[in-house]
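This is structure.tsv (TSV, C-alpha atoms).
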```tsv
chain	number	residue	atom	x	y	z
A	139	MET	CA	27.43	-36.75	-84.07
A	140	LYS	CA	29.75	-39.67	-84.45
A	141	SER	CA	30.36	-40.07	-80.73
A	142	GLY	CA	26.67	-39.62	-80.09
A	143	THR	CA	25.81	-42.62	-82.20
A	144	LEU	CA	28.36	-44.88	-80.58
A	145	PRO	CA	26.50	-45.84	-77.39
A	146	SER	CA	23.37	-47.00	-79.21
A	147	LYS	CA	25.47	-49.00	-81.65
A	148	GLU	CA	27.31	-50.56	-78.74
A	149	ILE	CA	24.06	-51.46	-77.06
A	150	ASP	CA	22.70	-52.91	-80.30
A	151	GLU	CA	25.79	-55.02	-80.79
A	152	LYS	CA	25.78	-56.09	-77.17
A	153	SER	CA	22.14	-57.11	-77.27
A	154	LYS	CA	22.63	-58.84	-80.62
A	155	THR	CA	25.62	-60.73	-79.26
A	156	LYS	CA	23.72	-61.61	-76.10
A	157	GLU	CA	20.78	-62.90	-78.13
A	158	SER	CA	23.03	-64.95	-80.37
A	159	LEU	CA	24.72	-66.53	-77.35
A	160	GLU	CA	21.52	-67.42	-75.51
A	161	PRO	CA	20.35	-70.98	-76.04
A	162	GLY	CA	17.08	-69.89	-77.59
A	163	TYR	CA	17.20	-71.93	-80.78
A	164	LEU	CA	15.99	-75.47	-81.31
A	165	VAL	CA	17.65	-77.85	-83.75
A	166	ILE	CA	14.94	-80.04	-85.23
A	167	CYS	CA	15.29	-83.07	-87.47
A	168	TRP	CA	12.27	-83.87	-89.66
A	169	ASP	CA	11.13	-87.23	-90.95
A	170	ASP	CA	11.45	-88.17	-94.59
A	171	PRO	CA	10.93	-91.44	-96.43
A	172	VAL	CA	14.41	-91.56	-97.87
A	173	ASN	CA	17.12	-91.52	-95.17
A	174	LEU	CA	17.77	-94.96	-93.71
A	175	MET	CA	17.10	-95.38	-89.99
A	176	SER	CA	20.58	-96.78	-89.41
A	177	TYR	CA	22.03	-93.86	-91.39
A	178	VAL	CA	20.19	-91.27	-89.27
A	179	THR	CA	21.44	-92.98	-86.09
A	180	HIS	CA	24.98	-92.94	-87.46
A	181	VAL	CA	24.78	-89.24	-88.35
A	182	PHE	CA	23.49	-88.28	-84.88
A	183	GLN	CA	26.40	-90.17	-83.33
A	184	VAL	CA	28.95	-88.45	-85.57
A	185	VAL	CA	27.53	-84.90	-85.43
A	186	PHE	CA	26.61	-84.76	-81.74
A	187	GLY	CA	29.00	-87.39	-80.39
A	188	TRP	CA	26.06	-89.19	-78.77
A	189	PRO	CA	26.16	-92.80	-77.62
A	190	ARG	CA	24.24	-95.19	-79.84
A	191	GLN	CA	21.28	-95.48	-77.44
A	192	LYS	CA	20.62	-91.73	-77.38
A	193	ALA	CA	21.06	-91.46	-81.15
A	194	GLU	CA	18.58	-94.31	-81.67
A	195	TYR	CA	16.08	-92.69	-79.30
A	196	HIS	CA	16.04	-89.49	-81.37
A	197	MET	CA	16.02	-91.40	-84.66
A	198	LEU	CA	12.93	-93.32	-83.53
A	199	GLN	CA	11.28	-90.09	-82.38
A	200	VAL	CA	11.83	-88.64	-85.86
A	201	HIS	CA	10.45	-91.80	-87.45
A	202	ASN	CA	7.43	-92.22	-85.17
A	203	THR	CA	6.34	-88.62	-84.55
A	204	GLY	CA	7.63	-86.85	-87.63
A	205	LYS	CA	10.30	-84.79	-85.89
A	206	SER	CA	12.67	-84.64	-82.96
A	207	VAL	CA	14.11	-81.67	-81.11
A	208	LEU	CA	17.76	-82.63	-80.98
A	209	THR	CA	19.19	-79.79	-78.93
A	210	ARG	CA	18.61	-76.21	-77.73
A	211	GLU	CA	21.49	-73.89	-78.50
A	212	SER	CA	22.65	-70.36	-79.22
A	213	PHE	CA	22.12	-69.12	-82.79
A	214	GLU	CA	25.69	-69.92	-83.81
A	215	ARG	CA	25.71	-73.43	-82.32
A	216	ALA	CA	22.27	-74.24	-83.75
A	217	GLU	CA	23.41	-72.98	-87.14
A	218	HIS	CA	26.52	-75.15	-86.92
A	219	TYR	CA	24.53	-78.31	-86.14
A	220	VAL	CA	21.93	-77.63	-88.84
A	221	HIS	CA	24.69	-77.15	-91.39
A	222	GLN	CA	26.36	-80.40	-90.30
A	223	LEU	CA	23.08	-82.32	-90.59
A	224	HIS	CA	22.46	-80.87	-94.06
A	225	LYS	CA	25.91	-82.00	-95.14
A	226	TYR	CA	24.74	-85.52	-94.35
A	227	GLY	CA	21.51	-85.02	-96.31
A	228	LEU	CA	19.15	-84.88	-93.31
A	229	GLN	CA	16.14	-82.54	-93.25
A	230	ALA	CA	17.08	-80.28	-90.34
A	231	THR	CA	16.01	-76.79	-89.34
A	232	MET	CA	16.61	-74.29	-86.57
A	233	GLU	CA	13.64	-72.62	-84.92
A	234	ARG	CA	13.25	-70.01	-82.19
A	235	ASP	CA	12.20	-71.55	-78.89
A	236	GLU	CA	9.13	-69.48	-78.07
B	238	MET	CA	29.09	-106.77	-101.41
B	239	LYS	CA	30.47	-108.59	-98.44
B	240	LEU	CA	32.62	-107.47	-95.53
B	241	LEU	CA	35.74	-109.67	-95.49
B	242	GLY	CA	37.33	-108.09	-92.45
B	243	LYS	CA	37.98	-104.92	-90.54
B	244	THR	CA	40.66	-103.43	-88.35
B	245	ASP	CA	40.82	-100.04	-86.61
B	246	ASN	CA	41.99	-98.35	-89.79
B	247	LYS	CA	40.88	-100.57	-92.66
B	248	PHE	CA	37.71	-102.18	-93.98
B	249	THR	CA	37.99	-104.88	-96.64
B	250	PHE	CA	35.03	-105.72	-98.87
B	251	GLU	CA	34.40	-108.20	-101.63
B	252	PHE	CA	32.50	-106.89	-104.67
B	253	SER	CA	31.04	-108.93	-107.52
B	254	ILE	CA	31.71	-107.68	-111.04
B	255	GLU	CA	28.11	-106.41	-111.29
B	256	GLU	CA	28.33	-104.62	-107.95
B	257	LYS	CA	31.51	-102.80	-108.93
B	258	LEU	CA	29.92	-101.78	-112.22
B	259	LEU	CA	26.81	-100.46	-110.47
B	260	LEU	CA	28.83	-98.56	-107.85
B	261	PHE	CA	30.98	-96.87	-110.50
B	262	GLU	CA	27.94	-95.90	-112.57
B	263	VAL	CA	25.98	-94.49	-109.67
B	264	LEU	CA	28.98	-92.51	-108.34
B	265	LYS	CA	29.23	-90.72	-111.68
B	266	LEU	CA	26.00	-88.92	-110.75
B	267	TYR	CA	27.55	-87.17	-107.73
B	268	PRO	CA	26.73	-84.49	-106.62
B	269	VAL	CA	22.94	-84.48	-106.96
B	270	ILE	CA	21.82	-82.30	-104.03
B	271	ASP	CA	21.59	-78.66	-105.07
B	272	PRO	CA	23.32	-76.55	-102.36
B	273	THR	CA	21.16	-73.53	-103.25
B	274	LEU	CA	17.87	-75.24	-102.40
B	275	GLN	CA	18.41	-76.05	-98.74
B	276	GLU	CA	15.83	-74.81	-96.24
B	277	ILE	CA	17.26	-74.24	-92.78
B	278	SER	CA	14.24	-72.86	-90.94
B	279	LYS	CA	10.46	-73.05	-91.13
B	280	SER	CA	9.75	-70.07	-88.88
B	281	ILE	CA	12.69	-67.66	-88.95
B	282	SER	CA	12.35	-65.08	-91.69
B	283	ASN	CA	14.59	-65.37	-94.72
B	284	LYS	CA	16.01	-61.94	-93.93
B	285	ASP	CA	17.30	-63.15	-90.56
B	286	ILE	CA	18.93	-66.29	-91.88
B	287	ALA	CA	20.04	-65.14	-95.33
B	288	GLN	CA	23.67	-65.08	-94.21
B	289	SER	CA	23.36	-68.52	-92.70
B	290	LYS	CA	21.86	-69.94	-95.91
B	291	LYS	CA	24.67	-68.41	-97.93
B	292	LEU	CA	27.21	-69.94	-95.56
B	293	LEU	CA	25.54	-73.35	-95.87
B	294	GLN	CA	25.64	-73.14	-99.67
B	295	GLU	CA	29.36	-72.41	-99.53
B	296	GLU	CA	30.01	-75.21	-97.04
B	297	LEU	CA	28.01	-77.73	-99.08
B	298	SER	CA	29.74	-76.75	-102.32
B	299	GLU	CA	33.13	-77.06	-100.65
B	300	GLN	CA	32.24	-80.42	-99.16
B	301	GLN	CA	31.03	-81.74	-102.52
B	302	LYS	CA	34.31	-80.60	-104.03
B	303	GLN	CA	36.33	-82.38	-101.33
B	304	ASN	CA	34.27	-85.56	-101.66
B	305	LYS	CA	34.81	-85.57	-105.43
B	306	GLU	CA	38.55	-85.39	-104.80
B	307	MET	CA	38.29	-88.28	-102.35
B	308	LEU	CA	36.30	-90.34	-104.90
B	309	LYS	CA	38.94	-89.64	-107.50
B	310	PHE	CA	41.55	-90.90	-105.06
B	311	ILE	CA	39.59	-94.03	-104.08
B	312	PHE	CA	38.47	-95.05	-107.53
B	313	GLY	CA	40.94	-93.24	-109.76
B	314	ASP	CA	44.47	-94.19	-110.71
B	315	SER	CA	45.45	-95.22	-107.20
B	316	SER	CA	42.45	-97.52	-107.16
B	317	CYS	CA	41.65	-99.24	-103.90
B	318	PHE	CA	40.03	-102.00	-105.96
B	319	THR	CA	42.04	-105.10	-106.76
B	320	GLN	CA	40.80	-107.88	-108.99
B	321	LYS	CA	40.75	-111.43	-107.62
B	322	ASP	CA	39.52	-114.05	-110.08
B	323	TYR	CA	35.80	-113.33	-110.46
B	324	TYR	CA	35.44	-110.67	-107.81
B	325	TYR	CA	37.04	-107.47	-106.61
B	326	LYS	CA	38.52	-106.54	-103.29
B	327	LEU	CA	38.04	-102.99	-101.99
B	328	GLN	CA	39.96	-101.59	-99.05
B	329	LEU	CA	38.76	-98.40	-97.38
B	330	SER	CA	39.94	-96.34	-94.44
B	331	PRO	CA	37.31	-95.11	-91.92
B	332	GLU	CA	37.60	-91.63	-93.47
B	333	GLN	CA	36.95	-93.04	-96.95
B	334	MET	CA	33.99	-95.05	-95.61
B	335	GLU	CA	32.46	-91.86	-94.19
B	336	CYS	CA	33.00	-90.04	-97.48
B	337	LEU	CA	31.48	-92.85	-99.56
B	338	LEU	CA	28.49	-92.99	-97.22
B	339	GLN	CA	27.89	-89.25	-97.57
B	340	VAL	CA	28.27	-89.40	-101.33
B	341	LEU	CA	25.83	-92.28	-101.73
B	342	ASN	CA	23.34	-90.55	-99.47
B	343	ASP	CA	23.70	-87.31	-101.44
B	344	ILE	CA	22.83	-89.21	-104.63
B	345	ARG	CA	19.93	-91.02	-102.93
B	346	VAL	CA	18.44	-87.92	-101.23
B	347	GLY	CA	19.14	-85.67	-104.23
B	348	THR	CA	17.39	-88.12	-106.57
B	349	TRP	CA	14.41	-88.22	-104.21
B	350	LYS	CA	14.31	-84.40	-104.14
B	351	ASN	CA	14.41	-84.33	-107.94
B	352	LEU	CA	11.32	-86.55	-107.89
B	353	GLY	CA	9.58	-83.73	-105.96
B	354	SER	CA	10.40	-84.98	-102.43
B	355	PRO	CA	7.38	-87.32	-102.30
B	356	ASP	CA	6.28	-88.37	-98.82
B	357	TYR	CA	5.32	-91.97	-97.97
B	358	GLU	CA	1.90	-91.59	-99.66
B	359	GLY	CA	3.46	-89.79	-102.59
B	360	LEU	CA	5.91	-92.62	-103.12
B	361	LYS	CA	3.10	-95.18	-103.02
B	362	ASN	CA	1.15	-93.23	-105.61
B	363	LEU	CA	4.12	-92.25	-107.75
B	364	ARG	CA	3.21	-92.62	-111.40
B	365	VAL	CA	5.98	-94.79	-112.70
B	366	LYS	CA	7.27	-93.29	-115.87
B	367	ARG	CA	10.53	-94.36	-117.44
B	368	SER	CA	12.41	-91.45	-115.81
B	369	SER	CA	11.01	-92.08	-112.33
B	370	LEU	CA	11.74	-95.79	-112.71
B	371	VAL	CA	15.41	-94.96	-113.28
B	372	SER	CA	15.36	-92.61	-110.27
B	373	LEU	CA	13.87	-95.29	-108.03
B	374	ALA	CA	16.47	-97.79	-109.22
B	375	ILE	CA	19.28	-95.31	-108.47
B	376	MET	CA	17.88	-94.76	-104.97
B	377	ASP	CA	17.75	-98.52	-104.38
B	378	VAL	CA	21.30	-99.06	-105.61
B	379	CYS	CA	22.54	-96.36	-103.21
B	380	GLU	CA	20.52	-97.88	-100.37
B	381	TYR	CA	22.09	-101.27	-101.04
B	382	PHE	CA	25.64	-99.96	-100.72
B	383	GLU	CA	24.81	-97.65	-97.81
B	384	TYR	CA	23.27	-100.54	-95.92
B	385	HIS	CA	26.44	-102.63	-96.26
B	386	LEU	CA	28.73	-99.73	-95.30
B	387	LEU	CA	26.65	-98.97	-92.20
B	388	GLU	CA	26.52	-102.63	-91.20
B	389	ALA	CA	30.30	-102.83	-91.46
B	390	MET	CA	30.72	-99.72	-89.32
B	391	GLU	CA	28.60	-101.09	-86.46
```
So that I can check it, write out the structure of this file as structure tokens.
Amino acid sequence: MKSGTLPSKEIDEKSKTKESLEPGYLVICWDDPVNLMSYVTHVFQVVFGWPRQKAEYHMLQVHNTGKSVLTRESFERAEHYVHQLHKYGLQATMERDE
Amino acid sequence: MKLLGKTDNKFTFEFSIEEKLLLFEVLKLYPVIDPTLQEISKSISNKDIAQSKKLLQEELSEQQKQNKEMLKFIFGDSSCFTQKDYYYKLQLSPEQMECLLQVLNDIRVGTWKNLGSPDYEGLKNLRVKRSSLVSLAIMDVCEYFEYHLLEAME
């Protein structure tokens, strides 16, 4: 019985790992009336290591359209970035790219 | 608050007596953001991200603890403030600048969340009671210091 259950578990773990490694998750930053525009630009530069111009582009997209897709990543990477953005007080979420 | 000078590893600011008083008072509020109330997805079910939310709570709590330690170091016994006649001089490392910026933003965003996270319309129509007036003043004080820190970092 034990050995019989192993293959399916292995497959499950493999497929789970594969899914978590695929860049199928979007990191989205949402607009709010409280974070300063210069602060948001600064945070994007620190968290993603972006040059100022790219950080400003995404900050303006957040401000003008209500949100910006910042990057498309695996589950773990998206989770990491969302956590970093929350540590800076930004309204960020991760969503499946469907 | 005025930037007097900066090098690669030190920023020097001038603070008026009132500014120092306001900064100290507002920093006493830290932390304001509740780590347990963070939403990290709008579409993924809670079941699938429960572990991630738990991890975020732990990370935020740990970060708030570390920032409190840093504040104690900056403004505690080994104060980075020195008095000069009718103003104060504050010297900060880049790491301390980053910490202070995060702390002020935590107070500002947390205070806004405690007001019910009003959007732009909500803020315009906010019924100003005594408590919300204090909250708005706290947010403005944080914005003032954040603005100067960010300007210095540019």
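One finds CA of Ile254 (chain B) at 25.8 Å from CA of Arg367 (chain B).
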Shell around Gly242 (chain B) at 12 Å using only C-alpha atoms, local window under 6 positions removed, as a VMD selection string: chain B and resid 248 to 251 326 to 329 389 to 390
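Counting only C-alpha atoms, the residue from A:Ala193, A:Val178, A:Met232, A:Leu223 that sits nearest to chain B is A:Met232.
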9 Å contacts from chain A to chain B using all atoms listed in the file, as JSON, numbers by chain: {"A": [170, 171, 172, 173, 174, 176, 177, 180, 217, 220, 221, 224, 225, 226, 227, 228, 229, 230, 231, 232, 233, 234]}
Interatomic distance (Å, one decimal) between CA of Glu160 (chain A) and CA of Phe213 (chain A): 7.5 Å
Contacts of Lys309 (chain B) at 12 Å (only C-alpha atoms; same-chain gap of 4+ positions) as number ranges by chain: B: 261, 264-265, 267, 302-305, 313-317, 333, 336-337
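Taking CA of Arg364 (chain B) and CA of Cys167 (chain A) as endpoints, the distance between them is 28.5 Å.
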Residue contacts of Val365 (chain B) (12 Å, only C-alpha atoms) excluding same-chain residues fewer than 6 positions away, as an MDAnalysis selection string: chainID B and resid 352 359 371:374
Non-local contacts of region 199-210 of chain A (7 Å; only C-alpha atoms; under 5 positions in same chain excluded) as a VMD selection string: chain A and resid 161 to 169
Surrounding residues of Phe252 (chain B) excluding itself and chain neighbours under 4 positions, 9 Å, only C-alpha atoms, as a PyMOL selection string: chain B and resi 238-239+256-257+324-327
